[in-house]
file start.cif (mmCIF, C-alpha atoms)
data_coords
#
loop_
_atom_site.label_atom_id
_atom_site.label_comp_id
_atom_site.auth_asym_id
_atom_site.auth_seq_id
_atom_site.Cartn_x
_atom_site.Cartn_y
_atom_site.Cartn_z
CA MET A 1 3.19 -20.75 3.07
CA ASN A 2 6.82 -19.95 2.53
CA LYS A 3 8.83 -20.74 5.70
CA TRP A 4 11.24 -17.87 4.95
CA ILE A 5 8.37 -15.38 5.10
CA LEU A 6 7.26 -16.68 8.47
CA ILE A 7 10.79 -16.70 9.87
CA ALA A 8 11.48 -13.21 8.55
CA ALA A 9 8.22 -11.90 9.94
CA ALA A 10 8.94 -13.48 13.29
CA THR A 11 12.24 -11.60 13.48
CA VAL A 12 11.15 -8.24 12.06
CA GLY A 13 10.77 -6.38 15.31
CA LEU A 14 13.94 -7.19 17.19
CA GLY A 15 14.13 -5.18 20.37
CA CYS A 16 13.09 -5.37 24.01
CA GLY A 17 9.51 -6.58 24.22
CA LYS A 18 6.85 -5.58 26.69
CA SER A 19 3.64 -7.55 26.80
CA ASN A 20 0.07 -6.38 27.14
CA LEU A 21 -0.92 -9.89 28.24
CA ALA A 22 -0.86 -11.50 31.66
CA PRO A 23 1.95 -14.04 32.21
CA GLY A 24 0.82 -17.45 30.99
CA ASP A 25 -2.20 -15.90 29.25
CA ALA A 26 -4.05 -18.84 27.74
CA GLY A 27 -6.58 -16.49 26.11
CA VAL A 28 -4.09 -15.17 23.56
CA HIS A 29 -5.29 -17.55 20.86
CA GLU A 30 -8.91 -16.53 21.41
CA ILE A 31 -7.89 -12.87 21.10
CA LEU A 32 -6.13 -13.65 17.82
CA GLN A 33 -9.18 -15.56 16.51
CA ALA A 34 -11.43 -12.59 17.35
CA ALA A 35 -8.98 -10.31 15.54
CA LYS A 36 -9.17 -12.55 12.45
CA ALA A 37 -12.96 -12.18 12.50
CA THR A 38 -12.62 -8.39 12.77
CA TRP A 39 -10.22 -8.34 9.80
CA ALA A 40 -12.52 -10.63 7.78
CA SER A 41 -15.31 -8.08 8.29
CA ALA A 42 -13.09 -5.07 7.48
CA LYS A 43 -11.22 -6.58 4.51
CA PRO A 44 -13.95 -6.16 1.82
CA SER A 45 -13.89 -2.39 2.37
CA CYS A 46 -10.09 -2.37 2.61
CA PRO A 47 -8.74 -3.94 -0.62
CA THR A 48 -5.68 -1.67 -0.45
CA TYR A 49 -3.92 -1.06 2.85
CA HIS A 50 -0.54 -0.04 4.20
CA TYR A 51 1.55 -0.10 7.36
CA GLU A 52 5.02 0.66 8.66
CA ALA A 53 7.12 -2.16 10.13
CA LEU A 54 9.37 -0.83 12.86
CA THR A 55 12.62 -2.39 14.05
CA SER A 56 14.81 -1.31 16.90
CA SER A 57 17.77 -2.43 18.92
CA ALA A 58 18.78 -1.77 22.50
CA PHE A 59 22.06 -0.58 20.96
CA GLY A 60 20.53 2.40 19.13
CA PHE A 61 19.72 1.23 15.60
CA CYS A 62 16.18 1.36 14.29
CA SER A 63 14.51 1.45 10.90
CA LYS A 64 11.13 1.80 9.25
CA THR A 65 9.87 -0.26 6.32
CA THR A 66 6.66 0.98 4.70
CA VAL A 67 4.55 -1.64 2.93
CA GLN A 68 1.49 -1.31 0.70
CA ILE A 69 -0.74 -4.25 -0.20
CA ALA A 70 -3.37 -4.17 -2.97
CA SER A 71 -5.67 -7.06 -3.89
CA ASP A 72 -3.79 -9.39 -1.52
CA GLN A 73 -0.41 -8.69 -3.16
CA PRO A 74 2.50 -6.51 -2.03
CA VAL A 75 2.83 -3.61 -4.48
CA GLN A 76 5.24 -1.23 -2.74
CA ARG A 77 7.94 -1.36 -0.07
CA SER A 78 10.29 1.38 1.10
CA TYR A 79 13.02 1.50 3.74
CA VAL A 80 14.47 4.23 5.94
CA PRO A 81 17.37 3.27 8.24
CA ASN A 82 18.08 5.07 11.52
CA SER A 83 14.58 6.53 11.42
CA CYS A 84 14.49 7.06 15.20
CA GLY A 85 17.33 9.56 15.29
CA GLY A 86 19.94 7.13 16.62
CA THR A 87 23.60 7.38 15.68
CA ASP A 88 24.34 3.67 15.33
CA ALA A 89 26.22 2.92 12.12
CA GLY A 90 23.73 0.26 11.02
CA PRO A 91 22.65 -0.20 7.41
CA THR A 92 22.55 2.97 5.36
CA GLY A 93 20.65 3.86 2.24
CA THR A 94 17.04 4.69 1.78
CA TRP A 95 15.27 2.84 -1.01
CA GLU A 96 11.86 2.20 -2.56
CA GLU A 97 10.59 -0.82 -4.48
CA VAL A 98 7.46 -0.51 -6.62
CA GLY A 99 5.84 -3.32 -8.59
CA ALA A 100 6.26 -7.08 -8.62
CA GLN A 101 9.60 -6.98 -10.46
CA GLN A 102 11.24 -4.71 -7.86
CA LEU A 103 9.69 -6.07 -4.65
CA GLY A 104 12.20 -8.05 -2.63
CA ALA A 105 15.23 -6.67 -4.48
CA HIS A 106 16.75 -5.39 -1.21
CA THR A 107 17.74 -7.67 1.63
CA ASP A 108 17.43 -5.12 4.41
CA GLY A 109 14.05 -3.98 5.68
CA ALA A 110 11.02 -5.95 6.76
CA PRO A 111 9.38 -8.32 4.29
CA ALA A 112 6.20 -7.12 2.55
CA LEU A 113 3.61 -9.31 4.25
CA THR A 114 -0.13 -9.40 3.70
CA ALA A 115 -2.48 -9.33 6.69
CA GLU A 116 -2.95 -13.09 6.35
CA GLN A 117 0.82 -13.65 6.43
CA LEU A 118 1.06 -11.41 9.51
CA PHE A 119 -1.60 -13.54 11.22
CA ALA A 120 0.36 -16.70 10.35
CA ALA A 121 3.61 -15.23 11.70
CA CYS A 122 1.76 -14.14 14.83
CA GLU A 123 0.36 -17.64 15.38
CA THR A 124 3.90 -19.04 15.12
CA SER A 125 5.21 -16.54 17.69
CA LEU A 126 2.34 -17.13 20.11
CA ALA A 127 2.90 -20.91 19.98
CA HIS A 128 5.88 -20.46 22.33
CA ASP A 129 5.44 -21.66 25.89
CA PRO A 130 4.01 -18.81 28.00
CA SER A 131 5.66 -20.26 31.13
CA THR A 132 9.12 -19.58 29.68
CA ASN A 133 8.32 -16.60 27.44
CA THR A 134 6.42 -13.35 27.70
CA LEU A 135 3.88 -13.29 24.89
CA THR A 136 3.00 -9.96 23.28
CA LEU A 137 -0.12 -9.25 21.24
CA THR A 138 -1.65 -5.91 20.26
CA ILE A 139 -4.48 -5.71 17.74
CA GLY A 140 -4.94 -2.68 15.46
CA SER A 141 -8.14 -0.88 14.55
CA VAL A 142 -9.06 -3.12 11.57
CA GLY A 143 -8.23 -6.34 13.42
CA VAL A 144 -4.69 -6.94 12.13
CA PRO A 145 -2.03 -7.58 14.81
CA THR A 146 0.26 -4.57 15.14
CA ARG A 147 2.60 -6.08 17.71
CA CYS A 148 2.99 -9.81 18.06
CA GLY A 149 5.85 -11.87 19.40
CA PHE A 150 7.55 -13.35 22.42
CA THR A 151 10.43 -12.56 24.74
CA PRO A 152 12.29 -15.42 26.44
CA ALA A 153 12.24 -15.18 30.23
CA ASN A 154 15.36 -13.75 31.88
CA CYS A 155 16.73 -12.29 28.65
CA ALA A 156 18.47 -8.91 28.96
CA ASP A 157 18.86 -7.17 25.56
CA ASP A 158 17.29 -7.47 22.11
CA CYS A 159 15.34 -10.59 22.98
CA TYR A 160 11.93 -9.79 21.52
CA MET A 161 11.15 -11.96 18.52
CA GLY A 162 8.18 -10.85 16.47
CA PHE A 163 6.94 -7.79 14.63
CA GLU A 164 5.83 -4.29 15.45
CA LEU A 165 3.75 -2.27 13.01
CA SER A 166 2.07 1.07 12.93
CA ASP A 167 -1.68 0.64 12.76
CA VAL A 168 -2.75 -0.90 9.46
CA ALA A 169 -4.54 1.79 7.46
CA CYS A 170 -6.95 1.24 4.59
CA GLY A 171 -6.15 3.01 1.33
CA SER A 172 -3.03 3.80 -0.65
CA LEU A 173 0.09 5.30 0.80
CA PRO A 174 0.16 9.08 0.78
CA THR A 175 2.38 10.33 -2.02
CA ASP A 176 5.10 12.95 -1.66
CA GLY A 177 6.31 13.23 -5.20
CA GLY A 178 7.61 9.66 -5.40
CA THR A 179 10.49 9.92 -2.94
CA VAL A 180 11.04 8.35 0.44
CA ASP A 181 12.56 10.94 2.72
CA GLY A 182 12.20 9.46 6.19
CA ALA A 183 10.11 12.35 7.47
CA ASP A 184 7.20 11.41 9.65
#

call {"tool": "encode", "arguments": {"input": "start.cif", "output": "C-alpha cells"}}
result
Amino acid sequence: MNKWILIAAATVGLGCGKSNLAPGDAGVHEILQAAKATWASAKPSCPTYHYEALTSSAFGFCSKTTVQIASDQPVQRSYVPNSCGGTDAGPTGTWEEVGAQQLGAHTDGAPALTAEQLFAACETSLAHDPSTNTLTLTIGSVGVPTRCGFTPANCADDCYMGFELSDVACGSLPTDGGTVDGAD
C-alpha cells in the first residue's frame, strides 16, 4: 500500500471533529471489522460506486471532491472549491479528471481511494491512543466508513485528522452533460 495514499486519506477531512464513540472506546476495531464484513457482502453487487469527500476548515474554506470507482480502480475524480458557500480565498478552480491518464493530475482535492484504501486509512487513524485522542467512526449504508479519524485532546481549531465522505452509493455518478458545476 502506498504510504502517500494513506497519509493523504488520513488528512482529507481537516476540520473540527466530533465523535460518535464513547471516550476510550475499545470496541472501535470490532465495529470496523463488522463494517468490512458488510462491505464484503455488498461489494459483489456494487462493482461501480461513488462518493463525495468533504473538507472543511474552522476558518471558512471547504471543498468537495467527487470520486467514482469501477472494478476496484478510480475512474473519475472532480473538485469543487468553496462548495459550502464560504468566502475564504482558498484554492479556486473547478476541475474534472476522467480515465487513468488524467487521474491524479491535480494536487488539490481528496485522493481517489477505493473502499479498501479507505478501510486501511481508517485503521491507521483509529490506531491512535483513545486516552489522548477522540476517535471518530461512522459507517455508511454499504459498510464503508464515511467518517473516520481522530482529534487530539485539548485541541482548539482544525484538529480533526481523517476523512469525511457522503454515503458511498453503488452505481455510476449521475451525469449532467459532462460538466462539474458545484450544484448539489

call {"tool": "resolve_selection", "arguments": {"input": "start.cif", "expression": "the PyMOL selection byres ((chain A and resi 142) around 10)", "output": "list in words"}}
result
Ala35, Lys36, Ala37, Thr38, Trp39, Ala40, Ser41, Ala42, Lys43, Cys46, Ile139, Gly140, Ser141, Gly143, Val144, Pro145, Asp167, Val168, Ala169 and Cys170 of chain A

call {"tool": "resolve_selection", "arguments": {"input": "start.cif", "expression": "the PyMOL selection byres ((chain A and resi 120-129) around 7)", "output": "ChimeraX atom specification"}}
result
/A:6,9-10,116-119,130-133,135,148-150,162

call {"tool": "atom_distance", "arguments": {"input": "start.cif", "atom1": "atom CA of Leu103 of chain A", "atom2": "atom CA of Cys62 of chain A"}}
result
21.4 Å

call {"tool": "atom_distance", "arguments": {"input": "start.cif", "atom1": "atom CA of Ala100 of chain A", "atom2": "atom CA of Ser56 of chain A"}}
result
27.5 Å

call {"tool": "atom_distance", "arguments": {"input": "start.cif", "atom1": "atom CA of Asp72 of chain A", "atom2": "atom CA of Gly99 of chain A"}}
result
13.4 Å

call {"tool": "closest_residue", "arguments": {"input": "start.cif", "among": "A:Tyr79, A:Phe61, A:Phe163, A:Trp95", "to": "Thr151 of chain A", "atoms": "all atoms listed in the file"}}
result
A:Phe163

call {"tool": "residues_around", "arguments": {"input": "start.cif", "residues": "Gly171 of chain A", "least_positions_apart": "6", "cutoff": "8 Å", "atoms": "all atoms listed in the file", "output": "PyMOL selection string"}}
result
chain A and resi 46-50

call {"tool": "resolve_selection", "arguments": {"input": "start.cif", "expression": "the PyMOL selection byres ((chain A and resi 104-108) around 10)", "output": "ChimeraX atom specification"}}
result
/A:63,65,74,76-81,91-93,95-103,109-112

call {"tool": "closest_residue", "arguments": {"input": "start.cif", "among": "A:Val67, A:Ala53, A:Val75, A:Ile31", "to": "Ser166 of chain A", "atoms": "all atoms listed in the file"}}
result
A:Ala53

call {"tool": "axis_aligned_box", "arguments": {"input": "start.cif", "around": "segment 31-46 of chain A", "padding_each_side": "6 Å", "output": "lines of an AutoDock Vina configuration file"}}
result
center_x = -10.7
center_y = -9.0
center_z = 11.5
size_x = 21.2
size_y = 25.2
size_z = 31.3

call {"tool": "decode", "arguments": {"input": "start.cif", "residues": "segment 126-174 of chain A", "atoms": "N, CA and C atoms", "output": "CSV table (one decimal), in the first residue's frame"}}
result
chain,number,residue,atom,x,y,z
A,126,LEU,N,-7.6,5.1,13.5
A,126,LEU,CA,-8.1,4.6,14.8
A,126,LEU,C,-7.0,3.9,15.6
A,127,ALA,N,-5.8,3.8,15.1
A,127,ALA,CA,-4.7,3.2,15.9
A,127,ALA,C,-4.2,4.2,16.9
A,128,HIS,N,-4.6,5.5,16.9
A,128,HIS,CA,-4.2,6.5,17.8
A,128,HIS,C,-4.8,6.2,19.2
A,129,ASP,N,-4.1,6.6,20.2
A,129,ASP,CA,-4.4,6.3,21.6
A,129,ASP,C,-5.7,7.0,22.0
A,130,PRO,N,-6.8,6.2,22.3
A,130,PRO,CA,-8.1,6.9,22.7
A,130,PRO,C,-8.0,7.6,24.0
A,131,SER,N,-7.0,7.5,24.8
A,131,SER,CA,-6.9,8.3,26.0
A,131,SER,C,-6.4,9.7,25.8
A,132,THR,N,-5.8,9.9,24.6
A,132,THR,CA,-5.3,11.2,24.3
A,132,THR,C,-5.9,11.8,23.0
A,133,ASN,N,-6.8,11.1,22.4
A,133,ASN,CA,-7.5,11.5,21.2
A,133,ASN,C,-9.0,11.1,21.3
A,134,THR,N,-9.8,11.8,20.6
A,134,THR,CA,-11.2,11.4,20.4
A,134,THR,C,-11.3,10.7,19.1
A,135,LEU,N,-11.7,9.5,19.1
A,135,LEU,CA,-11.8,8.7,17.9
A,135,LEU,C,-13.1,8.9,17.3
A,136,THR,N,-13.2,9.0,15.9
A,136,THR,CA,-14.5,9.1,15.2
A,136,THR,C,-14.6,8.1,14.2
A,137,LEU,N,-15.8,7.4,14.2
A,137,LEU,CA,-16.1,6.4,13.2
A,137,LEU,C,-17.6,6.3,12.9
A,138,THR,N,-17.9,6.5,11.7
A,138,THR,CA,-19.3,6.4,11.2
A,138,THR,C,-19.3,5.5,10.0
A,139,ILE,N,-20.2,4.5,10.0
A,139,ILE,CA,-20.2,3.6,8.9
A,139,ILE,C,-21.4,3.9,8.0
A,140,GLY,N,-21.2,3.8,6.7
A,140,GLY,CA,-22.3,4.1,5.7
A,140,GLY,C,-23.1,2.9,5.5
A,141,SER,N,-24.1,3.0,4.6
A,141,SER,CA,-25.1,2.0,4.4
A,141,SER,C,-24.6,0.7,3.8
A,142,VAL,N,-23.5,0.8,3.0
A,142,VAL,CA,-23.0,-0.5,2.4
A,142,VAL,C,-21.7,-1.0,3.2
A,143,GLY,N,-21.5,-0.4,4.4
A,143,GLY,CA,-20.4,-0.9,5.2
A,143,GLY,C,-19.1,-0.1,5.1
A,144,VAL,N,-19.0,0.8,4.2
A,144,VAL,CA,-17.8,1.6,4.1
A,144,VAL,C,-17.8,2.8,5.1
A,145,PRO,N,-16.7,3.0,5.8
A,145,PRO,CA,-16.6,4.2,6.7
A,145,PRO,C,-16.9,5.5,5.9
A,146,THR,N,-17.7,6.3,6.5
A,146,THR,CA,-18.0,7.6,5.9
A,146,THR,C,-17.4,8.7,6.7
A,147,ARG,N,-17.0,8.5,7.9
A,147,ARG,CA,-16.3,9.4,8.7
A,147,ARG,C,-15.4,8.6,9.6
A,148,CYS,N,-14.1,8.9,9.5
A,148,CYS,CA,-13.2,8.1,10.3
A,148,CYS,C,-11.9,9.0,10.5
A,149,GLY,N,-11.6,9.1,11.8
A,149,GLY,CA,-10.4,9.9,12.1
A,149,GLY,C,-10.2,10.0,13.6
A,150,PHE,N,-9.4,11.0,14.0
A,150,PHE,CA,-9.1,11.3,15.4
A,150,PHE,C,-8.9,12.8,15.6
A,151,THR,N,-9.2,13.2,16.8
A,151,THR,CA,-9.0,14.6,17.2
A,151,THR,C,-8.1,14.6,18.5
A,152,PRO,N,-6.9,15.2,18.5
A,152,PRO,CA,-6.1,15.2,19.7
A,152,PRO,C,-6.9,16.0,20.8
A,153,ALA,N,-6.8,15.5,22.0
A,153,ALA,CA,-7.4,16.1,23.2
A,153,ALA,C,-6.9,17.5,23.3
A,154,ASN,N,-7.8,18.4,23.8
A,154,ASN,CA,-7.4,19.8,24.1
A,154,ASN,C,-7.0,20.6,22.9
A,155,CYS,N,-7.4,20.2,21.7
A,155,CYS,CA,-7.0,21.0,20.5
A,155,CYS,C,-8.2,21.9,20.2
A,156,ALA,N,-7.9,23.1,19.7
A,156,ALA,CA,-9.0,24.1,19.6
A,156,ALA,C,-9.5,24.2,18.1
A,157,ASP,N,-8.7,24.3,17.1
A,157,ASP,CA,-9.2,24.5,15.7
A,157,ASP,C,-8.6,23.6,14.7
A,158,ASP,N,-9.4,23.1,13.8
A,158,ASP,CA,-8.9,22.3,12.7
A,158,ASP,C,-7.9,21.2,13.1
A,159,CYS,N,-8.4,20.4,14.1
A,159,CYS,CA,-7.6,19.4,14.7
A,159,CYS,C,-7.9,18.0,14.2
A,160,TYR,N,-9.1,17.8,13.6
A,160,TYR,CA,-9.6,16.5,13.2
A,160,TYR,C,-8.7,16.0,12.0
A,161,MET,N,-8.2,14.8,12.2
A,161,MET,CA,-7.3,14.2,11.1
A,161,MET,C,-8.1,12.9,10.7
A,162,GLY,N,-8.5,12.9,9.4
A,162,GLY,CA,-9.2,11.7,8.9
A,162,GLY,C,-10.0,12.1,7.7
A,163,PHE,N,-11.0,11.4,7.4
A,163,PHE,CA,-11.8,11.7,6.2
A,163,PHE,C,-13.3,11.8,6.6
A,164,GLU,N,-14.0,12.5,5.7
A,164,GLU,CA,-15.5,12.6,5.8
A,164,GLU,C,-16.0,12.5,4.4
A,165,LEU,N,-16.9,11.5,4.2
A,165,LEU,CA,-17.5,11.2,2.9
A,165,LEU,C,-19.0,11.3,3.0
A,166,SER,N,-19.6,11.6,1.9
A,166,SER,CA,-21.1,11.3,1.8
A,166,SER,C,-21.2,9.8,1.8
A,167,ASP,N,-22.4,9.3,1.9
A,167,ASP,CA,-22.6,7.9,1.9
A,167,ASP,C,-22.1,7.3,0.6
A,168,VAL,N,-21.4,6.2,0.6
A,168,VAL,CA,-20.9,5.5,-0.6
A,168,VAL,C,-22.2,5.0,-1.3
A,169,ALA,N,-22.3,5.3,-2.6
A,169,ALA,CA,-23.5,4.8,-3.3
A,169,ALA,C,-23.1,3.9,-4.5
A,170,CYS,N,-23.8,2.8,-4.6
A,170,CYS,CA,-23.5,1.9,-5.7
A,170,CYS,C,-24.0,2.6,-7.0
A,171,GLY,N,-23.3,2.3,-8.1
A,171,GLY,CA,-23.6,2.8,-9.4
A,171,GLY,C,-22.7,3.9,-9.9
A,172,SER,N,-22.9,4.3,-11.1
A,172,SER,CA,-22.1,5.4,-11.7
A,172,SER,C,-22.6,6.7,-11.2
A,173,LEU,N,-21.8,7.7,-11.3
A,173,LEU,CA,-22.1,9.1,-11.0
A,173,LEU,C,-23.2,9.5,-11.9
A,174,PRO,N,-24.2,10.3,-11.4
A,174,PRO,CA,-25.2,10.9,-12.3
A,174,PRO,C,-24.5,11.8,-13.3
